[in-house]
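As structure tokens, the structure follows; a few thoughts come after it.
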Amino acid sequence: MKILISNDDGITALGIKALMTTLSKEHEVYVVSPDRERSAAGHSLTLHTPIRVEELESKFGAKRVWVTSGTPGDCIKLGIIELLGENEKPDLVISGINHGPNLGTDILYSGTVSCAMEGAMLNCPSIAVSLASMSCDPMYFDVTADFVLKFLPKIEKIKFPEKTILNINTPALEEMDIAGVEITKLGSKMFTDEYEKRIDPRGKVYYWMAGELTTKHEEDGTDISAVRANRISITPITFEMTHKSIMAELEREFCKDGICDWYGYGANQKD
């Protein structure tokens with residue numbers, strides 16, 4: 001399998017190194033990664049400045065490696081559209097391994113998840129992988145990378161849904177201590193919303209985001225509850241954001257028989 005790997009922690013991160021080293025044992029691995037930390041970049045793209053790209057010497061088993069000055073989304077878009085040759089186009093995009101959890105509604109800010117979403121938007125099966133811990137023990141990244149390697153044959157057995165990624169979070173444990181795998185839905189918030197007010201040396205006020213891991217109870221079946229129970233969570237996430245269940249009600253109230261004639265004379269009437 002040809003795999004394109006990226007992340008939001010940058011090319012020097014332990015997580016991407018572990019993923020490259022492990023997956024290249026059995027797969028053809030290509031890497032396009034930010035040249036520095038781009039965490040919480042969300043699904044941003046670079047529009048107003050040039051994106052610098054440099055191909056590095058191949059390492060950690062990867063066939064080819066590039067770094068860019070762009071965002072995680074830039075990396076995947078550039079990789080698939082511009083950098084990879086026709087015989088190098090990926091069968092799968094993997095974003096990660098992120099250093100820290102990407103759970104619940106916090107995925108909306110995640111560069112890791114958005115990186116995988118860009119792959120899905122370009123019609124490539126994509127997964128995001130995170131180590132749900134703030135510790136930085138290389139062993140746990142290796143455990144997560146090994147799980148991904150074992151998981152890939154499972155992906156080939158399903159019809160990967162369009163507009164969808166799989167968001168994977170693993171607990172920071174040795175393999176023997178992981179309590180299993182759970183297919184989950186998104187939970188609520190993993191971090192609290194808090195800002196610390198400070199004064200700089202010139203007397204000016206500034207704020208530093210200081211949210212902490214929440215201890216709020218989560219219902220069973222969510223990604224947060226699974227990881228707290230020492231299980232690996234796998235959550236299917238779609239970027240299809242249309243709230244289809246309310247469309248019929250809106251149509252009845254605002255546009256009867258497809259005609260929205262209550263605002264502007266005939267502006268929205270059908271021919």
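Residue numbering restarts at 1 in every chain; chains get A, B, ... in the order shown in the structure tokens, and ligands count up from 1 in that same order.
Every protein, DNA or RNA residue with an atom at most 6 Å from Val65 of chain A, where only C-alpha atoms count and chain neighbours fewer than 4 positions away do not, is listed here: Val31, Glu55, Leu56 and Ser58 of chain A.
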For segment 14-21 of chain A: contacts at 7 Å, only C-alpha atoms, fewer than 5 positions along chain excluded, given as a PyMOL selection string:
chain A and resi 7+29+60-62+96-99+138+141-142+145
Go ahead and save the residues from that selection, with N, CA and C atoms, as a PDB file, in the first residue's frame.
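Writing done, so here's result.pdb:
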ATOM      1  N   ASN A   7       1.442  15.489   9.553  1.00  0.00           N
ATOM      2  CA  ASN A   7       1.080  15.721  10.952  1.00  0.00           C
ATOM      3  C   ASN A   7       0.960  17.215  11.202  1.00  0.00           C
ATOM      4  N   VAL A  29       6.023   4.308   1.929  1.00  0.00           N
ATOM      5  CA  VAL A  29       5.664   5.490   2.724  1.00  0.00           C
ATOM      6  C   VAL A  29       6.262   6.764   2.122  1.00  0.00           C
ATOM      7  N   PHE A  60      14.149   7.042   8.027  1.00  0.00           N
ATOM      8  CA  PHE A  60      13.200   6.226   8.785  1.00  0.00           C
ATOM      9  C   PHE A  60      12.368   5.333   7.876  1.00  0.00           C
ATOM     10  N   GLY A  61      12.970   4.913   6.756  1.00  0.00           N
ATOM     11  CA  GLY A  61      12.319   3.954   5.870  1.00  0.00           C
ATOM     12  C   GLY A  61      11.420   4.556   4.814  1.00  0.00           C
ATOM     13  N   ALA A  62      11.149   5.848   4.875  1.00  0.00           N
ATOM     14  CA  ALA A  62      10.258   6.481   3.896  1.00  0.00           C
ATOM     15  C   ALA A  62      10.935   6.559   2.528  1.00  0.00           C
ATOM     16  N   GLY A  96      -0.525  12.026  11.751  1.00  0.00           N
ATOM     17  CA  GLY A  96      -0.135  11.685  13.122  1.00  0.00           C
ATOM     18  C   GLY A  96       1.288  11.156  13.178  1.00  0.00           C
ATOM     19  N   ILE A  97       1.631  10.510  14.247  1.00  0.00           N
ATOM     20  CA  ILE A  97       0.855  10.315  15.463  1.00  0.00           C
ATOM     21  C   ILE A  97       0.921  11.598  16.284  1.00  0.00           C
ATOM     22  N   ASN A  98      -0.253  12.177  16.603  1.00  0.00           N
ATOM     23  CA  ASN A  98      -0.254  13.428  17.334  1.00  0.00           C
ATOM     24  C   ASN A  98       0.177  13.215  18.780  1.00  0.00           C
ATOM     25  N   HIS A  99       0.898  14.199  19.307  1.00  0.00           N
ATOM     26  CA  HIS A  99       1.294  14.183  20.718  1.00  0.00           C
ATOM     27  C   HIS A  99       0.202  14.867  21.521  1.00  0.00           C
ATOM     28  N   PRO A 138       8.745   7.726  24.057  1.00  0.00           N
ATOM     29  CA  PRO A 138       8.789   7.125  22.718  1.00  0.00           C
ATOM     30  C   PRO A 138       8.134   5.754  22.655  1.00  0.00           C
ATOM     31  N   PHE A 141       4.477   5.912  21.602  1.00  0.00           N
ATOM     32  CA  PHE A 141       4.320   6.189  20.178  1.00  0.00           C
ATOM     33  C   PHE A 141       4.558   4.916  19.366  1.00  0.00           C
ATOM     34  N   ASP A 142       5.526   4.110  19.768  1.00  0.00           N
ATOM     35  CA  ASP A 142       5.796   2.850  19.075  1.00  0.00           C
ATOM     36  C   ASP A 142       4.624   1.887  19.197  1.00  0.00           C
ATOM     37  N   ALA A 145       1.971   3.172  16.796  1.00  0.00           N
ATOM     38  CA  ALA A 145       2.363   2.884  15.408  1.00  0.00           C
ATOM     39  C   ALA A 145       2.163   1.408  15.090  1.00  0.00           C
TER      40      ALA A 145
END
Find the nearest atom pair between each residue of segment 32-53 of chain A and segment 78-85 of chain A for residues within 10 Å, count only C-alpha atoms, give distances in Å to one decimal, sort rows by chain and ascending number, and present the table as a Markdown table.
| residue | atom | partner | partner_atom | distance |
| --- | --- | --- | --- | --- |
| A:Val32 | CA | A:Gly79 | CA | 6.3 |
| A:Ser33 | CA | A:Gly79 | CA | 9.4 |
| A:Ile51 | CA | A:Leu78 | CA | 9.6 |
| A:Val53 | CA | A:Leu78 | CA | 9.3 |
Residues at most 6 Å from Ile5 of chain A, counting only C-alpha atoms, excluding those fewer than 3 positions away in the same chain, as a short mmCIF file (atom, residue, chain, number, x, y, z; two decimals) with C-alpha atoms, in the first residue's frame?
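Output below, filename part.cif:
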data_model
loop_
_atom_site.label_atom_id
_atom_site.label_comp_id
_atom_site.auth_asym_id
_atom_site.auth_seq_id
_atom_site.Cartn_x
_atom_site.Cartn_y
_atom_site.Cartn_z
CA VAL A 31 5.95 12.11 3.94
CA VAL A 93 -3.48 9.26 4.02
CA ILE A 94 -2.44 9.04 7.66
CA SER A 95 -2.10 12.10 9.90
#
Residue nearest Ile165 of chain A among A:Asn123, A:Ser44, A:Ser24, A:Thr12 (counting only C-alpha atoms):
A:Asn123
